[in-house]
Amino acid sequence: MTPVPPETDPLLQALDVAEAALADATTPAEVQARAVNAFAFLGSGVTVQWSTAADLPGEANDLERLSVGGGGAQPAWAAQAFGQVGEASVLLIQRPGEPWTAAERAQLRAAMLVVGRALDRATQAEQLAAERAALAAFAGFSEQALRSTDVAALTQRAVAVLRATLGSVAAAYLVPHGRVWRAAVISGGVPQVLADQLRAGLPLRGESVEAALASRDLLFVPHWTAPSLPGVQAFRAVALRPMHQGGTVVGLLAMGTAQADTWTERERSVFSAVGRSLALALDRALQDAGLREENAALHAQARALEAFAQLSADLGTQDQRLALIRRAQEVILSLMPRGFAAYYELQGDHWQVRSQVGQVRSPALQAALDAGLAPDAQSLRLPWDSGEPYYQAAYDPQADGLSLPEAPGALASLPLQVGEERLGVFTVGQFEAQPWTAGERTLLLAVTQSLTLALGRARSVQQLQQSAAELERSNQALQAANEELEAFAYSVSHDLRAPVRHIAGFADLLSRALDDDTRAQPKVARALQVITDAATQMNALIDAMLNLSRAGRQELRLAQVDLGALTRSILAELQPEVQGRQVAFEVGALPTVYADPALLRQVLANLLGNAVKYTARCEHARIEVWAEERAPGWTVHVRDNGVGFDPRYSHKLFGVFQRLHRAEEFGGSGVGLANVRRILQRHGGTWSAQGQPGQGATFSFTLPRPAN
């Protein structure tokens, strides 16, 4: 017995047929075309078509859901509206004969649901594709706006992006031409009669347009009242975005729609973004143009400086002044060949041409220049008095007291000044009347500034040479004087020894020749002692002078010197002088320096010996020695708590035979600190002293580090 297959459920059959018919439909149009096959389960004699509500039977009521009717003498019909397919939004199904059964109505509802889902899916896919294309177009425009400075290409792309992104809008980019605006770019959707007028040029009037032009931001105008221009009435809402360069309106991005009286948030956002990107791109284009002009000016300046560089490098003395000026004139005319250059100086009661390069093309004018201009000639007097350049786009010879049939077209006059001294006026003329461009002004300023520097340097070279010659003469005279002084000191020191020895010897002989009674008399003993002490002091002074002379002539033998060890050895030598006294020596950390050991020993011996000497009256003497490291080298200090000195006379301490205390109070030759100064001077060091009466003194000296 053959098995009988189960009957297929009519509802499932309707769903299977409808889904199979619409499975591959990807657009709303494909869904509409294939919807006929979605109802094949109803059999033959059925017609399926897309229609409008106006063509439906009168009994049709609620089209949002399936409506059915007819049957018998009238065809049975079924209808349902779909909102995604425009005017043909109702799907109408008819067949002759009996009304729809309950099962068929269920099948129709199921199939209509499948059609609705297919339309939704296709519509969403189509919208998504359009949105992706719009985003891609907008991204491409944004990227182009970041890179390009081509204004025409940018505006063309901006209008195209608005059209591609928003679809139903019309857009244009307008630029001013005198009193009218012309369309540089027009999209589709603009009525032809309006497009033709915009291309030819139209005056833009009306409150909305004037408000947009006065604003630096975009303007959305809903419920737009169109002016009386053909084609404009088609738009119900407009959007305007002025484009500025500096303070001038250079363009207007306009968008209109005929679909609604207002703008959606998406339309506002897209127009705002496109307008902002375009404005930024136009600003960058302006900056790029400005940079190109600036680069051209800098290039001109660089060429001028390059041409002038060799001249500046080969400067001589002030006698080359006119040669330098002539070279500057040649540099100018090499870059501005259609002209001439003349340099004037005020001599007596007229301006005289001191240097000229290039011909003026007018014998009468040349004769006038050669004869000299009046002192109140405006072209020269104004820059001379103000110190500022004076540019004339059209030269006026009468202002200079000239009556000439021919004159230069344009003239630039620049004052020439070195320091506080005004030299003259540097002029450049061009044969045609024309404004002086920024690049030309930059070039003229660059050359005249370089010329001023060159003249100043030439003057400085001359002054430096004069100063060097005077310094050389002074050094030679000083060297000769030092040599004579040292020779004199050496000679005097040696010549004085014999008389001093004679005085000391005869005083001794006289003392021996006297009898005991005479020698015992106080006055005689005092006189003999004074003679002996004076001879001893004189010998000490002679030795000090010889040491000072040798310190200036002795060759330096530089080596590493341990200041700590040197200080300890000097203090050991001073121990006999502090016997029976309470003297505390405090020696800090001392560095190793690069100096002449023997001469540096004299410095420290003098300073430490003075500290011991001038603390003799202190019950508890304290002498400190320490060093500080500073940027140029080391600073060594010797401080005591002795008698000190009046700081008003500190400048005398390091002079020869300069004393701030009486010899009866503290002995010494008065040459020791002068010797210290001479030794430190030869080492490239410095010296100083600080003190107060009764509060001690601090003597300091510096020693530089060796260069290597």
# chains A, B, ... in the order shown; residues from 1 in each chain; ligands from 1

$ residues_around --residues "His244 of chain A" --least-positions-apart "3" --cutoff "10 Å" --atoms "only C-alpha atoms" --output "JSON, numbers by chain"
{"A": [213, 215, 216, 217, 241, 247, 248, 249, 250, 251, 252, 279, 280, 282, 283, 286]}

$ write_last_selection --atoms "C-alpha atoms" --output "PDB file, in the first residue's frame"
ATOM      1  CA  LEU A 213      27.246  88.600   4.491  1.00  0.00           C
ATOM      2  CA  SER A 215      28.056  87.473   9.752  1.00  0.00           C
ATOM      3  CA  ARG A 216      31.172  85.345   9.949  1.00  0.00           C
ATOM      4  CA  ASP A 217      29.072  82.246  10.605  1.00  0.00           C
ATOM      5  CA  ARG A 241      27.775  80.394   4.699  1.00  0.00           C
ATOM      6  CA  GLY A 247      38.006  91.139   6.760  1.00  0.00           C
ATOM      7  CA  THR A 248      36.622  90.716   3.225  1.00  0.00           C
ATOM      8  CA  VAL A 249      33.848  88.392   2.025  1.00  0.00           C
ATOM      9  CA  VAL A 250      35.294  86.430  -0.887  1.00  0.00           C
ATOM     10  CA  GLY A 251      32.597  83.818  -1.418  1.00  0.00           C
ATOM     11  CA  LEU A 252      29.206  82.499  -0.387  1.00  0.00           C
ATOM     12  CA  ALA A 279      36.355  78.002   5.181  1.00  0.00           C
ATOM     13  CA  LEU A 280      39.428  76.444   6.791  1.00  0.00           C
ATOM     14  CA  LEU A 282      40.197  78.816   1.961  1.00  0.00           C
ATOM     15  CA  ASP A 283      42.008  80.339   4.941  1.00  0.00           C
ATOM     16  CA  LEU A 286      45.124  82.515   1.654  1.00  0.00           C
TER      17      LEU A 286
END

$ select_by_dssp --residues "segment 552-605 of chain A" --states "strand (DSSP E or B)" --output "VMD selection string"
chain A and resid 559 to 562 583 to 587 592 to 595

$ write_last_selection --atoms "N, CA and C atoms" --output "mmCIF file, in the first residue's frame"
data_model
loop_
_atom_site.group_PDB
_atom_site.id
_atom_site.type_symbol
_atom_site.label_atom_id
_atom_site.label_comp_id
_atom_site.auth_asym_id
_atom_site.auth_seq_id
_atom_site.Cartn_x
_atom_site.Cartn_y
_atom_site.Cartn_z
ATOM 1 N N ALA A 559 103.837 74.819 38.084
ATOM 2 C CA ALA A 559 103.763 73.409 38.460
ATOM 3 C C ALA A 559 102.563 73.238 39.394
ATOM 4 N N GLN A 560 102.229 71.981 39.686
ATOM 5 C CA GLN A 560 101.164 71.688 40.642
ATOM 6 C C GLN A 560 101.681 71.967 42.054
ATOM 7 N N VAL A 561 100.927 72.803 42.792
ATOM 8 C CA VAL A 561 101.356 73.203 44.135
ATOM 9 C C VAL A 561 100.253 72.818 45.125
ATOM 10 N N ASP A 562 100.643 72.046 46.145
ATOM 11 C CA ASP A 562 99.709 71.668 47.201
ATOM 12 C C ASP A 562 99.652 72.811 48.211
ATOM 13 N N VAL A 583 98.176 81.869 70.036
ATOM 14 C CA VAL A 583 97.751 82.029 68.629
ATOM 15 C C VAL A 583 97.157 80.711 68.158
ATOM 16 N N ALA A 584 95.923 80.778 67.679
ATOM 17 C CA ALA A 584 95.235 79.583 67.154
ATOM 18 C C ALA A 584 95.201 79.678 65.630
ATOM 19 N N PHE A 585 95.806 78.694 64.966
ATOM 20 C CA PHE A 585 95.780 78.619 63.501
ATOM 21 C C PHE A 585 94.695 77.625 63.084
ATOM 22 N N GLU A 586 93.774 78.050 62.228
ATOM 23 C CA GLU A 586 92.718 77.178 61.701
ATOM 24 C C GLU A 586 92.872 77.102 60.183
ATOM 25 N N VAL A 587 93.317 75.951 59.725
ATOM 26 C CA VAL A 587 93.579 75.761 58.292
ATOM 27 C C VAL A 587 92.531 74.811 57.729
ATOM 28 N N THR A 592 94.975 71.833 45.369
ATOM 29 C CA THR A 592 96.225 71.842 44.606
ATOM 30 C C THR A 592 96.018 72.774 43.419
ATOM 31 N N VAL A 593 96.914 73.743 43.238
ATOM 32 C CA VAL A 593 96.755 74.754 42.192
ATOM 33 C C VAL A 593 97.947 74.689 41.251
ATOM 34 N N TYR A 594 97.813 75.403 40.162
ATOM 35 C CA TYR A 594 98.859 75.436 39.133
ATOM 36 C C TYR A 594 99.500 76.814 39.188
ATOM 37 N N ALA A 595 100.737 76.884 39.719
ATOM 38 C CA ALA A 595 101.386 78.183 39.921
ATOM 39 C C ALA A 595 102.892 77.968 40.042
#

$ residues_around --residues "Ala598 of chain A" --least-positions-apart "5" --cutoff "10 Å" --atoms "only C-alpha atoms" --output "PyMOL selection string"
chain A and resi 556-558+561+603

$ closest_residue --among "A:Leu607, A:Ala152, A:Ala102, A:Ala38" --to "Ala285 of chain A" --atoms "only C-alpha atoms"
A:Ala152

$ closest_residue --among "A:Pro222, A:Ala23, A:Phe699, A:Leu240" --to "Glu210 of chain A" --atoms "only C-alpha atoms"
A:Leu240

$ residues_around --residues "Val90 of chain A" --least-positions-apart "3" --cutoff "6 Å" --atoms "only C-alpha atoms" --output "list in words"
Trp50, Ser51, Thr52, Gln80 and Ala81 of chain A

$ closest_residue --among "A:Gly167, A:Gln107, A:Leu278, A:Gly691" --to "Ala153 of chain A" --atoms "only C-alpha atoms"
A:Leu278

$ atom_distance --atom1 "atom CA of Ala605 of chain A" --atom2 "atom CA of Ile531 of chain A"
29.0 Å

$ residues_around --residues "Leu373 of chain A" --least-positions-apart "3" --cutoff "12 Å" --atoms "only C-alpha atoms" --output "list in words"
Tyr344, Glu345, Leu346, Gln347, Gly348, Asp349, His350, Trp351, Gln352, Val353, Leu365, Gln366, Ala367, Ala368, Leu369, Asp370, Asp376, Ala377, Gln378, Ser379, Leu380, Arg381, Pro397, Gln398, Ala399, Asp400, Gly401 and Leu402 of chain A

$ write_last_selection --atoms "N, CA and C atoms" --output "mmCIF file, in the first residue's frame"
data_model
loop_
_atom_site.group_PDB
_atom_site.id
_atom_site.type_symbol
_atom_site.label_atom_id
_atom_site.label_comp_id
_atom_site.auth_asym_id
_atom_site.auth_seq_id
_atom_site.Cartn_x
_atom_site.Cartn_y
_atom_site.Cartn_z
ATOM 1 N N TYR A 344 72.476 110.759 -2.211
ATOM 2 C CA TYR A 344 72.642 112.194 -1.989
ATOM 3 C C TYR A 344 73.197 112.449 -0.601
ATOM 4 N N GLU A 345 74.019 113.514 -0.512
ATOM 5 C CA GLU A 345 74.459 114.031 0.775
ATOM 6 C C GLU A 345 74.203 115.533 0.800
ATOM 7 N N LEU A 346 73.829 116.027 1.968
ATOM 8 C CA LEU A 346 73.548 117.448 2.131
ATOM 9 C C LEU A 346 74.876 118.179 2.306
ATOM 10 N N GLN A 347 75.205 118.999 1.318
ATOM 11 C CA GLN A 347 76.464 119.736 1.342
ATOM 12 C C GLN A 347 76.154 121.229 1.207
ATOM 13 N N GLY A 348 76.359 121.932 2.297
ATOM 14 C CA GLY A 348 76.060 123.355 2.274
ATOM 15 C C GLY A 348 74.572 123.602 2.131
ATOM 16 N N ASP A 349 74.187 124.293 1.064
ATOM 17 C CA ASP A 349 72.795 124.672 0.863
ATOM 18 C C ASP A 349 72.116 123.859 -0.229
ATOM 19 N N HIS A 350 72.615 122.660 -0.542
ATOM 20 C CA HIS A 350 71.953 121.838 -1.559
ATOM 21 C C HIS A 350 72.306 120.363 -1.354
ATOM 22 N N TRP A 351 71.465 119.500 -1.962
ATOM 23 C CA TRP A 351 71.710 118.058 -1.963
ATOM 24 C C TRP A 351 72.560 117.708 -3.177
ATOM 25 N N GLN A 352 73.675 117.065 -2.936
ATOM 26 C CA GLN A 352 74.599 116.724 -4.018
ATOM 27 C C GLN A 352 74.615 115.220 -4.242
ATOM 28 N N VAL A 353 74.553 114.788 -5.506
ATOM 29 C CA VAL A 353 74.670 113.371 -5.836
ATOM 30 C C VAL A 353 76.116 112.946 -5.644
ATOM 31 N N LEU A 365 66.586 116.069 -16.432
ATOM 32 C CA LEU A 365 66.612 115.598 -15.053
ATOM 33 C C LEU A 365 68.038 115.316 -14.603
ATOM 34 N N GLN A 366 68.853 114.729 -15.493
ATOM 35 C CA GLN A 366 70.238 114.445 -15.132
ATOM 36 C C GLN A 366 70.990 115.734 -14.842
ATOM 37 N N ALA A 367 70.742 116.769 -15.655
ATOM 38 C CA ALA A 367 71.395 118.054 -15.428
ATOM 39 C C ALA A 367 70.966 118.645 -14.082
ATOM 40 N N ALA A 368 69.683 118.483 -13.745
ATOM 41 C CA ALA A 368 69.198 118.996 -12.461
ATOM 42 C C ALA A 368 69.833 118.248 -11.296
ATOM 43 N N LEU A 369 69.970 116.909 -11.436
ATOM 44 C CA LEU A 369 70.600 116.129 -10.362
ATOM 45 C C LEU A 369 72.064 116.518 -10.200
ATOM 46 N N ASP A 370 72.753 116.703 -11.330
ATOM 47 C CA ASP A 370 74.171 117.076 -11.260
ATOM 48 C C ASP A 370 74.345 118.443 -10.620
ATOM 49 N N ASP A 376 65.141 121.841 0.680
ATOM 50 C CA ASP A 376 63.790 121.446 1.068
ATOM 51 C C ASP A 376 63.134 120.513 0.064
ATOM 52 N N ALA A 377 63.922 119.890 -0.818
ATOM 53 C CA ALA A 377 63.364 118.922 -1.777
ATOM 54 C C ALA A 377 62.672 117.804 -0.998
ATOM 55 N N GLN A 378 61.380 117.623 -1.230
ATOM 56 C CA GLN A 378 60.564 116.742 -0.396
ATOM 57 C C GLN A 378 61.039 115.302 -0.424
ATOM 58 N N SER A 379 61.467 114.797 -1.567
ATOM 59 C CA SER A 379 61.873 113.396 -1.694
ATOM 60 C C SER A 379 63.075 113.068 -0.823
ATOM 61 N N LEU A 380 63.863 114.086 -0.485
ATOM 62 C CA LEU A 380 65.052 113.863 0.331
ATOM 63 C C LEU A 380 64.860 114.381 1.756
ATOM 64 N N ARG A 381 64.184 115.507 1.886
ATOM 65 C CA ARG A 381 64.029 116.110 3.204
ATOM 66 C C ARG A 381 63.153 115.259 4.134
ATOM 67 N N PRO A 397 57.837 115.718 -9.426
ATOM 68 C CA PRO A 397 59.065 116.529 -9.500
ATOM 69 C C PRO A 397 58.880 117.928 -8.921
ATOM 70 N N GLN A 398 57.667 118.481 -8.982
ATOM 71 C CA GLN A 398 57.456 119.828 -8.470
ATOM 72 C C GLN A 398 57.697 119.899 -6.965
ATOM 73 N N ALA A 399 57.435 118.778 -6.231
ATOM 74 C CA ALA A 399 57.691 118.768 -4.792
ATOM 75 C C ALA A 399 59.179 118.887 -4.487
ATOM 76 N N ASP A 400 60.018 118.591 -5.469
ATOM 77 C CA ASP A 400 61.467 118.736 -5.312
ATOM 78 C C ASP A 400 61.980 120.009 -5.969
ATOM 79 N N GLY A 401 61.045 120.888 -6.383
ATOM 80 C CA GLY A 401 61.443 122.146 -7.015
ATOM 81 C C GLY A 401 61.883 121.986 -8.448
ATOM 82 N N LEU A 402 61.431 120.942 -9.130
ATOM 83 C CA LEU A 402 61.821 120.682 -10.514
ATOM 84 C C LEU A 402 60.618 120.848 -11.427
#

$ closest_atom_pairs --of "segment 585-610 of chain A" --to "segment 635-653 of chain A" --cutoff "9 Å" --atoms "only C-alpha atoms" --output "Markdown table"
| residue | atom | partner | partner_atom | distance |
| --- | --- | --- | --- | --- |
| A:Leu590 | CA | A:Val636 | CA | 8.2 |
| A:Leu604 | CA | A:Val638 | CA | 8.7 |
| A:Leu607 | CA | A:Val638 | CA | 6.9 |
| A:Leu608 | CA | A:Val638 | CA | 7.2 |

$ atom_distance --atom1 "atom CA of Gly694 of chain A" --atom2 "atom CA of Pro576 of chain A"
24.9 Å

$ residues_around --residues "Leu22 of chain A" --least-positions-apart "3" --cutoff "8 Å" --atoms "only C-alpha atoms" --output "short mmCIF file (atom, residue, chain, number, x, y, z; two decimals) with N, CA, C and O atoms, in the first residue's frame"
data_model
loop_
_atom_site.label_atom_id
_atom_site.label_comp_id
_atom_site.auth_asym_id
_atom_site.auth_seq_id
_atom_site.Cartn_x
_atom_site.Cartn_y
_atom_site.Cartn_z
N ALA A 18 5.99 33.17 -0.97
CA ALA A 18 6.34 34.60 -0.94
C ALA A 18 7.82 34.82 -0.63
O ALA A 18 8.49 35.64 -1.26
N GLU A 19 8.34 34.07 0.35
CA GLU A 19 9.75 34.26 0.70
C GLU A 19 10.66 33.81 -0.42
O GLU A 19 11.71 34.44 -0.69
N ALA A 25 15.70 39.81 -3.78
CA ALA A 25 15.43 41.22 -4.07
C ALA A 25 16.23 42.10 -3.12
O ALA A 25 16.10 41.99 -1.90
N VAL A 31 11.79 44.40 -5.30
CA VAL A 31 10.69 43.84 -4.50
C VAL A 31 9.36 44.07 -5.21
O VAL A 31 8.50 43.17 -5.29
N ARG A 34 9.02 41.66 -8.16
CA ARG A 34 8.86 40.24 -7.83
C ARG A 34 7.63 39.96 -6.96
O ARG A 34 7.35 38.81 -6.65
N ALA A 35 6.98 41.01 -6.53
CA ALA A 35 5.79 40.81 -5.68
C ALA A 35 4.70 40.02 -6.40
O ALA A 35 3.88 39.34 -5.77
N ALA A 38 5.01 36.49 -5.57
CA ALA A 38 4.83 36.17 -4.16
C ALA A 38 3.43 35.64 -3.87
O ALA A 38 3.20 35.06 -2.80
N VAL A 115 6.10 40.61 2.00
CA VAL A 115 6.40 41.73 1.10
C VAL A 115 6.85 42.95 1.91
O VAL A 115 7.82 43.65 1.55
N ALA A 118 10.37 42.47 3.14
CA ALA A 118 11.32 42.59 2.03
C ALA A 118 11.52 44.05 1.64
O ALA A 118 12.65 44.49 1.34
#

$ residues_around --residues "Tyr395 of chain A" --least-positions-apart "5" --cutoff "8 Å" --atoms "only C-alpha atoms" --output "list of chain:residue names"
A:Ala407, A:Pro408, A:Gly409, A:Ala410, A:Leu411, A:Ala433

$ atom_distance --atom1 "atom CA of Arg179 of chain A" --atom2 "atom CA of Ala214 of chain A"
15.6 Å

$ select_by_dssp --residues "segment 241-426 of chain A" --states "helix (DSSP H, G or I)" --output "JSON, numbers by chain"
{"A": [265, 266, 267, 268, 269, 270, 271, 272, 273, 274, 275, 276, 277, 278, 279, 280, 281, 282, 283, 284, 285, 286, 287, 288, 289, 290, 291, 292, 293, 294, 295, 296, 297, 298, 299, 300, 301, 302, 303, 304, 305, 306, 307, 308, 309, 310, 311, 312, 313, 318, 319, 320, 321, 322, 323, 324, 325, 326, 327, 328, 329, 330, 331, 332, 333, 334, 335, 363, 364, 365, 366, 367, 368, 369, 370, 371, 378, 379, 380, 381, 382, 383, 384, 385, 386, 397, 398, 399, 400]}

$ decode --residues "segment 452-478 of chain A" --atoms "N, CA, C and O atoms" --output "mmCIF file, in the first residue's frame"
data_model
loop_
_atom_site.group_PDB
_atom_site.id
_atom_site.type_symbol
_atom_site.label_atom_id
_atom_site.label_comp_id
_atom_site.auth_asym_id
_atom_site.auth_seq_id
_atom_site.Cartn_x
_atom_site.Cartn_y
_atom_site.Cartn_z
ATOM 1 N N THR A 452 74.104 99.898 5.864
ATOM 2 C CA THR A 452 74.346 100.595 7.129
ATOM 3 C C THR A 452 75.290 99.802 8.021
ATOM 4 O O THR A 452 76.221 100.359 8.623
ATOM 5 N N LEU A 453 75.057 98.478 8.091
ATOM 6 C CA LEU A 453 75.951 97.639 8.891
ATOM 7 C C LEU A 453 77.364 97.651 8.324
ATOM 8 O O LEU A 453 78.351 97.687 9.076
ATOM 9 N N ALA A 454 77.463 97.624 6.994
ATOM 10 C CA ALA A 454 78.782 97.628 6.366
ATOM 11 C C ALA A 454 79.509 98.929 6.655
ATOM 12 O O ALA A 454 80.701 98.943 6.983
ATOM 13 N N LEU A 455 78.792 100.053 6.532
ATOM 14 C CA LEU A 455 79.421 101.339 6.814
ATOM 15 C C LEU A 455 79.815 101.435 8.286
ATOM 16 O O LEU A 455 80.884 101.959 8.621
ATOM 17 N N GLY A 456 78.935 100.946 9.161
ATOM 18 C CA GLY A 456 79.266 100.956 10.580
ATOM 19 C C GLY A 456 80.477 100.097 10.879
ATOM 20 O O GLY A 456 81.345 100.470 11.675
ATOM 21 N N ARG A 457 80.525 98.936 10.203
ATOM 22 C CA ARG A 457 81.678 98.065 10.434
ATOM 23 C C ARG A 457 82.951 98.681 9.881
ATOM 24 O O ARG A 457 84.011 98.579 10.489
ATOM 25 N N ALA A 458 82.834 99.339 8.726
ATOM 26 C CA ALA A 458 84.014 100.001 8.169
ATOM 27 C C ALA A 458 84.526 101.064 9.129
ATOM 28 O O ALA A 458 85.734 101.199 9.357
ATOM 29 N N ARG A 459 83.569 101.813 9.707
ATOM 30 C CA ARG A 459 83.980 102.838 10.670
ATOM 31 C C ARG A 459 84.592 102.183 11.907
ATOM 32 O O ARG A 459 85.607 102.661 12.439
ATOM 33 N N SER A 460 83.993 101.084 12.361
ATOM 34 C CA SER A 460 84.532 100.388 13.528
ATOM 35 C C SER A 460 85.919 99.838 13.248
ATOM 36 O O SER A 460 86.797 99.867 14.124
ATOM 37 N N VAL A 461 86.115 99.334 12.019
ATOM 38 C CA VAL A 461 87.447 98.819 11.655
ATOM 39 C C VAL A 461 88.478 99.921 11.724
ATOM 40 O O VAL A 461 89.582 99.747 12.254
ATOM 41 N N GLN A 462 88.106 101.105 11.172
ATOM 42 C CA GLN A 462 89.039 102.221 11.213
ATOM 43 C C GLN A 462 89.331 102.633 12.654
ATOM 44 O O GLN A 462 90.491 102.834 13.033
ATOM 45 N N GLN A 463 88.250 102.750 13.461
ATOM 46 C CA GLN A 463 88.455 103.136 14.854
ATOM 47 C C GLN A 463 89.264 102.088 15.602
ATOM 48 O O GLN A 463 90.114 102.415 16.436
ATOM 49 N N LEU A 464 88.996 100.797 15.287
ATOM 50 C CA LEU A 464 89.741 99.731 15.942
ATOM 51 C C LEU A 464 91.211 99.773 15.561
ATOM 52 O O LEU A 464 92.095 99.561 16.399
ATOM 53 N N GLN A 465 91.461 100.062 14.278
ATOM 54 C CA GLN A 465 92.852 100.159 13.848
ATOM 55 C C GLN A 465 93.555 101.326 14.541
ATOM 56 O O GLN A 465 94.704 101.215 14.972
ATOM 57 N N GLN A 466 92.842 102.453 14.647
ATOM 58 C CA GLN A 466 93.430 103.593 15.345
ATOM 59 C C GLN A 466 93.677 103.261 16.817
ATOM 60 O O GLN A 466 94.737 103.571 17.368
ATOM 61 N N SER A 467 92.675 102.604 17.442
ATOM 62 C CA SER A 467 92.839 102.232 18.850
ATOM 63 C C SER A 467 93.971 101.233 19.029
ATOM 64 O O SER A 467 94.742 101.312 19.995
ATOM 65 N N ALA A 468 94.062 100.281 18.075
ATOM 66 C CA ALA A 468 95.136 99.283 18.163
ATOM 67 C C ALA A 468 96.496 99.948 18.034
ATOM 68 O O ALA A 468 97.450 99.592 18.747
ATOM 69 N N ALA A 469 96.578 100.924 17.117
ATOM 70 C CA ALA A 469 97.859 101.618 16.954
ATOM 71 C C ALA A 469 98.211 102.402 18.216
ATOM 72 O O ALA A 469 99.359 102.390 18.682
ATOM 73 N N GLU A 470 97.195 103.090 18.778
ATOM 74 C CA GLU A 470 97.444 103.836 20.017
ATOM 75 C C GLU A 470 97.803 102.903 21.161
ATOM 76 O O GLU A 470 98.693 103.194 21.971
ATOM 77 N N LEU A 471 97.096 101.736 21.228
ATOM 78 C CA LEU A 471 97.395 100.774 22.283
ATOM 79 C C LEU A 471 98.801 100.212 22.129
ATOM 80 O O LEU A 471 99.520 100.022 23.119
ATOM 81 N N GLU A 472 99.200 99.966 20.873
ATOM 82 C CA GLU A 472 100.549 99.451 20.640
ATOM 83 C C GLU A 472 101.588 100.463 21.093
ATOM 84 O O GLU A 472 102.589 100.114 21.729
ATOM 85 N N ARG A 473 101.337 101.735 20.758
ATOM 86 C CA ARG A 473 102.271 102.775 21.200
ATOM 87 C C ARG A 473 102.296 102.871 22.728
ATOM 88 O O ARG A 473 103.363 102.999 23.338
ATOM 89 N N SER A 474 101.096 102.770 23.339
ATOM 90 C CA SER A 474 101.041 102.829 24.808
ATOM 91 C C SER A 474 101.754 101.643 25.435
ATOM 92 O O SER A 474 102.478 101.793 26.430
ATOM 93 N N ASN A 475 101.548 100.441 24.849
ATOM 94 C CA ASN A 475 102.218 99.249 25.384
ATOM 95 C C ASN A 475 103.727 99.368 25.270
ATOM 96 O O ASN A 475 104.469 98.974 26.188
ATOM 97 N N GLN A 476 104.175 99.882 24.121
ATOM 98 C CA GLN A 476 105.618 100.037 23.953
ATOM 99 C C GLN A 476 106.175 101.035 24.964
ATOM 100 O O GLN A 476 107.233 100.808 25.562
ATOM 101 N N ALA A 477 105.416 102.151 25.142
ATOM 102 C CA ALA A 477 105.875 103.146 26.110
ATOM 103 C C ALA A 477 105.852 102.576 27.524
ATOM 104 O O ALA A 477 106.770 102.811 28.325
ATOM 105 N N LEU A 478 104.789 101.802 27.831
ATOM 106 C CA LEU A 478 104.687 101.207 29.161
ATOM 107 C C LEU A 478 105.799 100.189 29.390
ATOM 108 O O LEU A 478 106.392 100.134 30.476
#
